[in-house]
Amino acid sequence: VNTSCGCTASKVEKKILLPGQSATLEVQFNSKGYSGPVQQYVYVHTDSLDKPIIKFIIKADVIKTK
């Protein structure tokens, strides 16, 4: 698992899964320095020939507060 920038962190409970198994993927986005619409990506690498990488899109609208 990796992300598109340092502002997005990911943590997966298991790195290797057997067929039929699942795992929790935790993602955190640090909005410091951002304003307005933001789009970041989380990439999950697999051993599948059909889908070697699964891309998740994180969308946010960052509103600055006073």
# chains A, B, ... in the order shown; residues from 1 in each chain; ligands from 1
$ residues_around --residues "Cys5 of chain A" --least-positions-apart "6" --cutoff "12 Å" --atoms "only C-alpha atoms" --output "ChimeraX atom specification"
/A:28-31,38-43,58
$ residues_around --residues "Ser10 of chain A" --least-positions-apart "5" --cutoff "8 Å" --atoms "only C-alpha atoms" --output "PyMOL selection string"
chain A and resi 1-3+25-28+42
$ write_last_selection --atoms "N, CA and C atoms" --output "PDB file, in the first residue's frame"
ATOM      1  N   VAL A   1       0.855  -1.176   0.000  1.00  0.00           N
ATOM      2  CA  VAL A   1       0.000   0.000   0.000  1.00  0.00           C
ATOM      3  C   VAL A   1       0.892   1.228   0.000  1.00  0.00           C
ATOM      4  N   ASN A   2       0.597   2.182  -0.886  1.00  0.00           N
ATOM      5  CA  ASN A   2       1.274   3.479  -0.823  1.00  0.00           C
ATOM      6  C   ASN A   2       0.292   4.573  -1.219  1.00  0.00           C
ATOM      7  N   THR A   3       0.691   5.824  -0.997  1.00  0.00           N
ATOM      8  CA  THR A   3      -0.200   6.965  -1.226  1.00  0.00           C
ATOM      9  C   THR A   3       0.434   7.951  -2.196  1.00  0.00           C
ATOM     10  N   LEU A  25      -7.922  -1.410   6.161  1.00  0.00           N
ATOM     11  CA  LEU A  25      -6.992  -0.399   5.674  1.00  0.00           C
ATOM     12  C   LEU A  25      -7.411   0.942   6.263  1.00  0.00           C
ATOM     13  N   GLU A  26      -6.532   1.533   7.071  1.00  0.00           N
ATOM     14  CA  GLU A  26      -6.816   2.828   7.700  1.00  0.00           C
ATOM     15  C   GLU A  26      -6.074   3.906   6.924  1.00  0.00           C
ATOM     16  N   VAL A  27      -6.777   4.996   6.593  1.00  0.00           N
ATOM     17  CA  VAL A  27      -6.186   6.087   5.830  1.00  0.00           C
ATOM     18  C   VAL A  27      -6.451   7.397   6.560  1.00  0.00           C
ATOM     19  N   GLN A  28      -5.420   8.241   6.664  1.00  0.00           N
ATOM     20  CA  GLN A  28      -5.561   9.558   7.279  1.00  0.00           C
ATOM     21  C   GLN A  28      -5.017  10.611   6.329  1.00  0.00           C
ATOM     22  N   VAL A  42      -4.818   6.411  -2.807  1.00  0.00           N
ATOM     23  CA  VAL A  42      -4.206   5.307  -2.076  1.00  0.00           C
ATOM     24  C   VAL A  42      -4.138   4.142  -3.062  1.00  0.00           C
TER      25      VAL A  42
END
$ closest_residue --among "A:Lys51, A:Thr46, A:Thr65, A:Ile57" --to "Leu18 of chain A" --atoms "only C-alpha atoms"
A:Thr46
$ residues_around --residues "Pro37 of chain A" --least-positions-apart "2" --cutoff "7 Å" --atoms "only C-alpha atoms" --output "list in words"
Ser35, Gln39, Ala60, Asp61 and Val62 of chain A
$ write_last_selection --atoms "N, CA and C atoms" --output "PDB file, in the first residue's frame"
ATOM      1  N   SER A  35      -6.546  24.057   0.842  1.00  0.00           N
ATOM      2  CA  SER A  35      -7.775  24.840   0.864  1.00  0.00           C
ATOM      3  C   SER A  35      -8.576  24.491  -0.381  1.00  0.00           C
ATOM      4  N   GLN A  39      -7.900  16.174  -3.927  1.00  0.00           N
ATOM      5  CA  GLN A  39      -8.041  14.776  -4.331  1.00  0.00           C
ATOM      6  C   GLN A  39      -6.696  14.081  -4.148  1.00  0.00           C
ATOM      7  N   ALA A  60     -11.916  15.600  -0.750  1.00  0.00           N
ATOM      8  CA  ALA A  60     -12.283  16.443   0.390  1.00  0.00           C
ATOM      9  C   ALA A  60     -12.439  17.875  -0.083  1.00  0.00           C
ATOM     10  N   ASP A  61     -13.246  18.625   0.626  1.00  0.00           N
ATOM     11  CA  ASP A  61     -13.345  20.062   0.408  1.00  0.00           C
ATOM     12  C   ASP A  61     -12.895  20.714   1.694  1.00  0.00           C
ATOM     13  N   VAL A  62     -11.668  21.200   1.704  1.00  0.00           N
ATOM     14  CA  VAL A  62     -11.051  21.738   2.905  1.00  0.00           C
ATOM     15  C   VAL A  62     -11.531  23.186   3.106  1.00  0.00           C
TER      16      VAL A  62
END
$ closest_residue --among "A:Ile63, A:Lys32, A:Asp50, A:His45" --to "Thr8 of chain A" --atoms "only C-alpha atoms"
A:Lys32
$ atom_distance --atom1 "atom CA of Ile54 of chain A" --atom2 "atom CA of Tyr34 of chain A"
25.4 Å
$ residues_around --residues "Thr24 of chain A" --least-positions-apart "2" --cutoff "8 Å" --atoms "only C-alpha atoms" --output "PyMOL selection string"
chain A and resi 12-14+22+26
$ closest_residue --among "A:Asp47, A:Ser4, A:Gly33, A:Lys59" --to "Pro19 of chain A" --atoms "only C-alpha atoms"
A:Asp47
$ atom_distance --atom1 "atom CA of Ser48 of chain A" --atom2 "atom CA of Gly20 of chain A"
13.7 Å
$ select_by_dssp --residues "chain A" --states "strand (DSSP E)" --output "CSV table (one decimal) with all heavy atoms, in the first residue's frame"
chain,number,residue,atom,x,y,z
A,2,ASN,N,0.6,2.2,-0.9
A,2,ASN,CA,1.3,3.5,-0.8
A,2,ASN,C,0.3,4.6,-1.2
A,2,ASN,O,-0.8,4.3,-1.7
A,2,ASN,CB,2.6,3.5,-1.6
A,2,ASN,CG,2.3,3.3,-3.1
A,2,ASN,OD1,1.3,2.8,-3.5
A,2,ASN,ND2,3.3,3.7,-3.9
A,3,THR,N,0.7,5.8,-1.0
A,3,THR,CA,-0.2,7.0,-1.2
A,3,THR,C,0.4,8.0,-2.2
A,3,THR,O,1.6,7.9,-2.5
A,3,THR,CB,-0.5,7.7,0.1
A,3,THR,OG1,0.7,8.1,0.7
A,3,THR,CG2,-1.2,6.7,1.1
A,8,THR,N,-1.0,12.1,3.0
A,8,THR,CA,-1.9,11.0,3.2
A,8,THR,C,-1.1,9.8,3.7
A,8,THR,O,-0.2,9.4,3.1
A,8,THR,CB,-2.6,10.6,1.8
A,8,THR,OG1,-3.2,11.8,1.3
A,8,THR,CG2,-3.7,9.6,2.0
A,9,ALA,N,-1.6,9.2,4.8
A,9,ALA,CA,-0.9,8.1,5.4
A,9,ALA,C,-1.8,6.9,5.4
A,9,ALA,O,-3.0,7.0,5.7
A,9,ALA,CB,-0.4,8.4,6.8
A,10,SER,N,-1.3,5.7,5.2
A,10,SER,CA,-2.1,4.5,5.3
A,10,SER,C,-1.5,3.5,6.2
A,10,SER,O,-0.3,3.4,6.4
A,10,SER,CB,-2.2,3.9,3.9
A,10,SER,OG,-1.0,3.5,3.4
A,11,LYS,N,-2.3,2.7,6.8
A,11,LYS,CA,-1.9,1.6,7.6
A,11,LYS,C,-2.8,0.4,7.4
A,11,LYS,O,-4.0,0.5,7.4
A,11,LYS,CB,-2.0,2.1,9.1
A,11,LYS,CG,-1.6,1.0,10.1
A,11,LYS,CD,-1.8,1.7,11.5
A,11,LYS,CE,-1.6,0.6,12.6
A,11,LYS,NZ,-1.9,1.2,13.9
A,12,VAL,N,-2.2,-0.7,7.1
A,12,VAL,CA,-2.9,-2.0,6.8
A,12,VAL,C,-2.6,-3.0,7.9
A,12,VAL,O,-1.5,-3.1,8.3
A,12,VAL,CB,-2.7,-2.5,5.4
A,12,VAL,CG1,-1.3,-2.9,5.2
A,12,VAL,CG2,-3.6,-3.6,5.0
A,25,LEU,N,-7.9,-1.4,6.2
A,25,LEU,CA,-7.0,-0.4,5.7
A,25,LEU,C,-7.4,0.9,6.3
A,25,LEU,O,-8.5,1.4,6.0
A,25,LEU,CB,-7.0,-0.3,4.1
A,25,LEU,CG,-6.2,0.8,3.5
A,25,LEU,CD1,-4.7,0.6,3.8
A,25,LEU,CD2,-6.5,0.8,2.0
A,26,GLU,N,-6.5,1.5,7.1
A,26,GLU,CA,-6.8,2.8,7.7
A,26,GLU,C,-6.1,3.9,6.9
A,26,GLU,O,-4.9,3.8,6.6
A,26,GLU,CB,-6.3,2.8,9.2
A,26,GLU,CG,-6.6,4.1,9.9
A,26,GLU,CD,-6.1,4.0,11.3
A,26,GLU,OE1,-6.3,2.9,12.0
A,26,GLU,OE2,-5.6,5.0,11.8
A,27,VAL,N,-6.8,5.0,6.6
A,27,VAL,CA,-6.2,6.1,5.8
A,27,VAL,C,-6.5,7.4,6.6
A,27,VAL,O,-7.6,7.6,7.0
A,27,VAL,CB,-6.8,6.2,4.4
A,27,VAL,CG1,-6.2,7.3,3.6
A,27,VAL,CG2,-6.5,4.9,3.7
A,28,GLN,N,-5.4,8.2,6.7
A,28,GLN,CA,-5.6,9.6,7.3
A,28,GLN,C,-5.0,10.6,6.3
A,28,GLN,O,-4.0,10.4,5.7
A,28,GLN,CB,-4.8,9.6,8.6
A,28,GLN,CG,-5.4,8.8,9.7
A,28,GLN,CD,-4.7,8.9,11.0
A,28,GLN,OE1,-3.5,9.3,11.1
A,28,GLN,NE2,-5.4,8.5,12.1
A,29,PHE,N,-5.7,11.7,6.2
A,29,PHE,CA,-5.3,12.8,5.4
A,29,PHE,C,-5.1,14.0,6.3
A,29,PHE,O,-6.0,14.4,7.0
A,29,PHE,CB,-6.4,13.1,4.3
A,29,PHE,CG,-6.2,14.4,3.6
A,29,PHE,CD1,-5.2,14.6,2.7
A,29,PHE,CD2,-7.1,15.5,3.8
A,29,PHE,CE1,-5.0,15.8,2.0
A,29,PHE,CE2,-6.9,16.7,3.1
A,29,PHE,CZ,-5.8,16.8,2.2
A,36,GLY,N,-9.9,24.3,-0.2
A,36,GLY,CA,-10.7,24.0,-1.3
A,36,GLY,C,-10.7,22.6,-1.7
A,36,GLY,O,-10.4,21.7,-0.9
A,37,PRO,N,-11.1,22.2,-2.9
A,37,PRO,CA,-11.2,20.8,-3.3
A,37,PRO,C,-9.8,20.1,-3.4
A,37,PRO,O,-8.9,20.7,-3.9
A,37,PRO,CB,-11.8,20.8,-4.7
A,37,PRO,CG,-12.4,22.2,-4.9
A,37,PRO,CD,-11.6,23.1,-3.9
A,38,VAL,N,-9.8,19.0,-2.8
A,38,VAL,CA,-8.5,18.2,-2.8
A,38,VAL,C,-8.8,16.8,-3.2
A,38,VAL,O,-9.9,16.2,-2.8
A,38,VAL,CB,-7.9,18.2,-1.4
A,38,VAL,CG1,-6.6,17.4,-1.3
A,38,VAL,CG2,-7.6,19.6,-0.9
A,39,GLN,N,-7.9,16.2,-3.9
A,39,GLN,CA,-8.0,14.8,-4.3
A,39,GLN,C,-6.7,14.1,-4.1
A,39,GLN,O,-5.7,14.5,-4.7
A,39,GLN,CB,-8.5,14.7,-5.8
A,39,GLN,CG,-8.9,13.3,-6.3
A,39,GLN,CD,-9.6,13.4,-7.6
A,39,GLN,OE1,-10.6,14.0,-7.7
A,39,GLN,NE2,-9.0,12.7,-8.6
A,40,GLN,N,-6.7,13.0,-3.4
A,40,GLN,CA,-5.5,12.2,-3.1
A,40,GLN,C,-5.8,10.8,-3.4
A,40,GLN,O,-7.0,10.4,-3.5
A,40,GLN,CB,-5.0,12.4,-1.7
A,40,GLN,CG,-4.6,13.8,-1.3
A,40,GLN,CD,-3.4,14.3,-2.1
A,40,GLN,OE1,-2.6,13.5,-2.6
A,40,GLN,NE2,-3.3,15.6,-2.2
A,41,TYR,N,-4.7,9.9,-3.5
A,41,TYR,CA,-4.9,8.5,-3.9
A,41,TYR,C,-4.2,7.6,-3.0
A,41,TYR,O,-3.2,7.9,-2.4
A,41,TYR,CB,-4.4,8.3,-5.3
A,41,TYR,CG,-5.0,9.2,-6.4
A,41,TYR,CD1,-4.3,10.4,-6.7
A,41,TYR,CD2,-6.2,8.9,-7.0
A,41,TYR,CE1,-4.9,11.3,-7.7
A,41,TYR,CE2,-6.7,9.7,-7.9
A,41,TYR,CZ,-6.1,10.9,-8.3
A,41,TYR,OH,-6.7,11.8,-9.2
A,42,VAL,N,-4.8,6.4,-2.8
A,42,VAL,CA,-4.2,5.3,-2.1
A,42,VAL,C,-4.1,4.1,-3.1
A,42,VAL,O,-5.1,3.8,-3.7
A,42,VAL,CB,-5.0,4.9,-0.8
A,42,VAL,CG1,-4.4,3.7,-0.1
A,42,VAL,CG2,-5.2,6.1,0.1
A,43,TYR,N,-2.9,3.6,-3.2
A,43,TYR,CA,-2.7,2.5,-4.1
A,43,TYR,C,-2.5,1.2,-3.4
A,43,TYR,O,-1.6,1.1,-2.5
A,43,TYR,CB,-1.5,2.8,-5.0
A,43,TYR,CG,-1.6,4.1,-5.8
A,43,TYR,CD1,-1.0,5.2,-5.3
A,43,TYR,CD2,-2.3,4.1,-7.0
A,43,TYR,CE1,-1.1,6.4,-6.0
A,43,TYR,CE2,-2.4,5.3,-7.7
A,43,TYR,CZ,-1.8,6.5,-7.2
A,43,TYR,OH,-1.9,7.6,-7.9
A,44,VAL,N,-3.3,0.2,-3.7
A,44,VAL,CA,-3.1,-1.2,-3.1
A,44,VAL,C,-2.5,-2.1,-4.2
A,44,VAL,O,-3.2,-2.3,-5.2
A,44,VAL,CB,-4.4,-1.7,-2.6
A,44,VAL,CG1,-4.2,-3.1,-2.0
A,44,VAL,CG2,-5.0,-0.8,-1.5
A,45,HIS,N,-1.3,-2.6,-3.9
A,45,HIS,CA,-0.7,-3.5,-4.9
A,45,HIS,C,-1.1,-4.9,-4.7
A,45,HIS,O,-1.1,-5.4,-3.5
A,45,HIS,CB,0.8,-3.3,-4.8
A,45,HIS,CG,1.3,-1.9,-5.1
A,45,HIS,ND1,1.7,-1.5,-6.3
A,45,HIS,CD2,1.3,-0.8,-4.3
A,45,HIS,CE1,2.0,-0.3,-6.3
A,45,HIS,NE2,1.8,0.2,-5.0
A,53,ILE,N,-2.9,-3.2,-9.5
A,53,ILE,CA,-3.0,-2.0,-8.6
A,53,ILE,C,-4.4,-1.6,-8.5
A,53,ILE,O,-5.1,-1.4,-9.5
A,53,ILE,CB,-2.1,-0.8,-9.0
A,53,ILE,CG1,-0.6,-1.2,-9.0
A,53,ILE,CG2,-2.3,0.4,-8.1
A,53,ILE,CD1,0.3,-0.1,-9.6
A,54,ILE,N,-4.9,-1.4,-7.3
A,54,ILE,CA,-6.3,-0.9,-7.0
A,54,ILE,C,-6.1,0.5,-6.5
A,54,ILE,O,-5.4,0.7,-5.5
A,54,ILE,CB,-7.1,-1.8,-6.1
A,54,ILE,CG1,-7.2,-3.2,-6.6
A,54,ILE,CG2,-8.4,-1.2,-5.8
A,54,ILE,CD1,-7.7,-4.2,-5.6
A,55,LYS,N,-6.7,1.5,-7.1
A,55,LYS,CA,-6.6,2.9,-6.7
A,55,LYS,C,-7.9,3.3,-6.0
A,55,LYS,O,-8.9,3.2,-6.6
A,55,LYS,CB,-6.3,3.7,-8.0
A,55,LYS,CG,-6.2,5.2,-7.6
A,55,LYS,CD,-5.7,6.0,-8.8
A,55,LYS,CE,-6.8,6.2,-9.8
A,55,LYS,NZ,-6.4,7.2,-10.9
A,56,PHE,N,-7.7,3.8,-4.8
A,56,PHE,CA,-8.8,4.4,-4.1
A,56,PHE,C,-8.6,5.9,-4.1
A,56,PHE,O,-7.5,6.4,-4.0
A,56,PHE,CB,-8.8,4.0,-2.6
A,56,PHE,CG,-9.1,2.5,-2.4
A,56,PHE,CD1,-8.1,1.6,-2.4
A,56,PHE,CD2,-10.4,2.1,-2.3
A,56,PHE,CE1,-8.4,0.2,-2.2
A,56,PHE,CE2,-10.7,0.8,-2.1
A,56,PHE,CZ,-9.7,-0.2,-2.1
A,57,ILE,N,-9.7,6.7,-4.3
A,57,ILE,CA,-9.6,8.1,-4.4
A,57,ILE,C,-10.2,8.7,-3.2
A,57,ILE,O,-11.3,8.4,-2.8
A,57,ILE,CB,-10.4,8.6,-5.7
A,57,ILE,CG1,-9.8,8.0,-6.9
A,57,ILE,CG2,-10.3,10.2,-5.8
A,57,ILE,CD1,-10.6,8.2,-8.2
A,58,ILE,N,-9.5,9.6,-2.6
A,58,ILE,CA,-10.0,10.4,-1.4
A,58,ILE,C,-10.3,11.8,-1.9
A,58,ILE,O,-9.4,12.5,-2.4
A,58,ILE,CB,-8.9,10.4,-0.3
A,58,ILE,CG1,-8.6,9.0,0.2
A,58,ILE,CG2,-9.4,11.3,0.9
A,58,ILE,CD1,-7.4,9.0,1.1
A,59,LYS,N,-11.5,12.2,-1.7
A,59,LYS,CA,-11.9,13.6,-2.1
A,59,LYS,C,-12.3,14.3,-0.8
A,59,LYS,O,-13.0,13.8,0.0
A,59,LYS,CB,-13.0,13.6,-3.1
A,59,LYS,CG,-12.7,13.0,-4.4
A,59,LYS,CD,-13.8,13.0,-5.4
A,59,LYS,CE,-13.4,12.4,-6.7
A,59,LYS,NZ,-14.6,12.5,-7.7
A,60,ALA,N,-11.9,15.6,-0.8
A,60,ALA,CA,-12.3,16.4,0.4
A,60,ALA,C,-12.4,17.9,-0.1
A,60,ALA,O,-11.8,18.3,-1.1
A,60,ALA,CB,-11.2,16.4,1.5
A,61,ASP,N,-13.2,18.6,0.6
A,61,ASP,CA,-13.3,20.1,0.4
A,61,ASP,C,-12.9,20.7,1.7
A,61,ASP,O,-13.6,20.7,2.7
A,61,ASP,CB,-14.8,20.5,0.1
A,61,ASP,CG,-14.9,21.9,-0.4
A,61,ASP,OD1,-13.8,22.5,-0.6
A,61,ASP,OD2,-16.0,22.4,-0.6
A,62,VAL,N,-11.7,21.2,1.7
A,62,VAL,CA,-11.1,21.7,2.9
A,62,VAL,C,-11.5,23.2,3.1
A,62,VAL,O,-11.4,24.0,2.2
A,62,VAL,CB,-9.5,21.7,2.8
A,62,VAL,CG1,-8.9,22.2,4.1
A,62,VAL,CG2,-9.1,20.2,2.6
$ decode --residues "segment 2-14 of chain A" --atoms "all heavy atoms" --output "CSV table (one decimal), in the first residue's frame"
chain,number,residue,atom,x,y,z
A,2,ASN,N,0.6,2.2,-0.9
A,2,ASN,CA,1.3,3.5,-0.8
A,2,ASN,C,0.3,4.6,-1.2
A,2,ASN,O,-0.8,4.3,-1.7
A,2,ASN,CB,2.6,3.5,-1.6
A,2,ASN,CG,2.3,3.3,-3.1
A,2,ASN,OD1,1.3,2.8,-3.5
A,2,ASN,ND2,3.3,3.7,-3.9
A,3,THR,N,0.7,5.8,-1.0
A,3,THR,CA,-0.2,7.0,-1.2
A,3,THR,C,0.4,8.0,-2.2
A,3,THR,O,1.6,7.9,-2.5
A,3,THR,CB,-0.5,7.7,0.1
A,3,THR,OG1,0.7,8.1,0.7
A,3,THR,CG2,-1.2,6.7,1.1
A,4,SER,N,-0.4,8.9,-2.7
A,4,SER,CA,0.1,9.8,-3.7
A,4,SER,C,0.9,11.0,-3.1
A,4,SER,O,1.6,11.7,-3.9
A,4,SER,CB,-1.1,10.4,-4.5
A,4,SER,OG,-2.0,11.0,-3.6
A,5,CYS,N,0.9,11.2,-1.8
A,5,CYS,CA,1.7,12.3,-1.2
A,5,CYS,C,1.9,12.0,0.3
A,5,CYS,O,1.2,11.2,0.9
A,5,CYS,CB,1.0,13.7,-1.4
A,5,CYS,SG,-0.2,14.1,-0.3
A,6,GLY,N,2.8,12.8,0.9
A,6,GLY,CA,3.1,12.7,2.3
A,6,GLY,C,2.0,13.1,3.2
A,6,GLY,O,2.0,12.8,4.4
A,7,CYS,N,1.0,13.8,2.7
A,7,CYS,CA,-0.1,14.3,3.5
A,7,CYS,C,-1.1,13.2,3.7
A,7,CYS,O,-2.0,13.4,4.6
A,7,CYS,CB,-0.8,15.5,2.8
A,7,CYS,SG,-1.5,15.1,1.2
A,8,THR,N,-1.0,12.1,3.0
A,8,THR,CA,-1.9,11.0,3.2
A,8,THR,C,-1.1,9.8,3.7
A,8,THR,O,-0.2,9.4,3.1
A,8,THR,CB,-2.6,10.6,1.8
A,8,THR,OG1,-3.2,11.8,1.3
A,8,THR,CG2,-3.7,9.6,2.0
A,9,ALA,N,-1.6,9.2,4.8
A,9,ALA,CA,-0.9,8.1,5.4
A,9,ALA,C,-1.8,6.9,5.4
A,9,ALA,O,-3.0,7.0,5.7
A,9,ALA,CB,-0.4,8.4,6.8
A,10,SER,N,-1.3,5.7,5.2
A,10,SER,CA,-2.1,4.5,5.3
A,10,SER,C,-1.5,3.5,6.2
A,10,SER,O,-0.3,3.4,6.4
A,10,SER,CB,-2.2,3.9,3.9
A,10,SER,OG,-1.0,3.5,3.4
A,11,LYS,N,-2.3,2.7,6.8
A,11,LYS,CA,-1.9,1.6,7.6
A,11,LYS,C,-2.8,0.4,7.4
A,11,LYS,O,-4.0,0.5,7.4
A,11,LYS,CB,-2.0,2.1,9.1
A,11,LYS,CG,-1.6,1.0,10.1
A,11,LYS,CD,-1.8,1.7,11.5
A,11,LYS,CE,-1.6,0.6,12.6
A,11,LYS,NZ,-1.9,1.2,13.9
A,12,VAL,N,-2.2,-0.7,7.1
A,12,VAL,CA,-2.9,-2.0,6.8
A,12,VAL,C,-2.6,-3.0,7.9
A,12,VAL,O,-1.5,-3.1,8.3
A,12,VAL,CB,-2.7,-2.5,5.4
A,12,VAL,CG1,-1.3,-2.9,5.2
A,12,VAL,CG2,-3.6,-3.6,5.0
A,13,GLU,N,-3.6,-3.7,8.4
A,13,GLU,CA,-3.4,-4.6,9.5
A,13,GLU,C,-2.7,-5.9,9.0
A,13,GLU,O,-1.9,-6.5,9.8
A,13,GLU,CB,-4.7,-5.0,10.2
A,13,GLU,CG,-5.6,-5.9,9.3
A,13,GLU,CD,-6.9,-6.2,10.0
A,13,GLU,OE1,-7.1,-5.9,11.2
A,13,GLU,OE2,-7.8,-6.8,9.4
A,14,LYS,N,-2.8,-6.3,7.8
A,14,LYS,CA,-2.1,-7.5,7.3
A,14,LYS,C,-1.6,-7.1,5.9
A,14,LYS,O,-2.3,-6.6,5.1
A,14,LYS,CB,-3.0,-8.7,7.2
A,14,LYS,CG,-3.4,-9.2,8.5
A,14,LYS,CD,-4.6,-10.2,8.3
A,14,LYS,CE,-4.1,-11.6,7.9
A,14,LYS,NZ,-5.2,-12.6,7.9
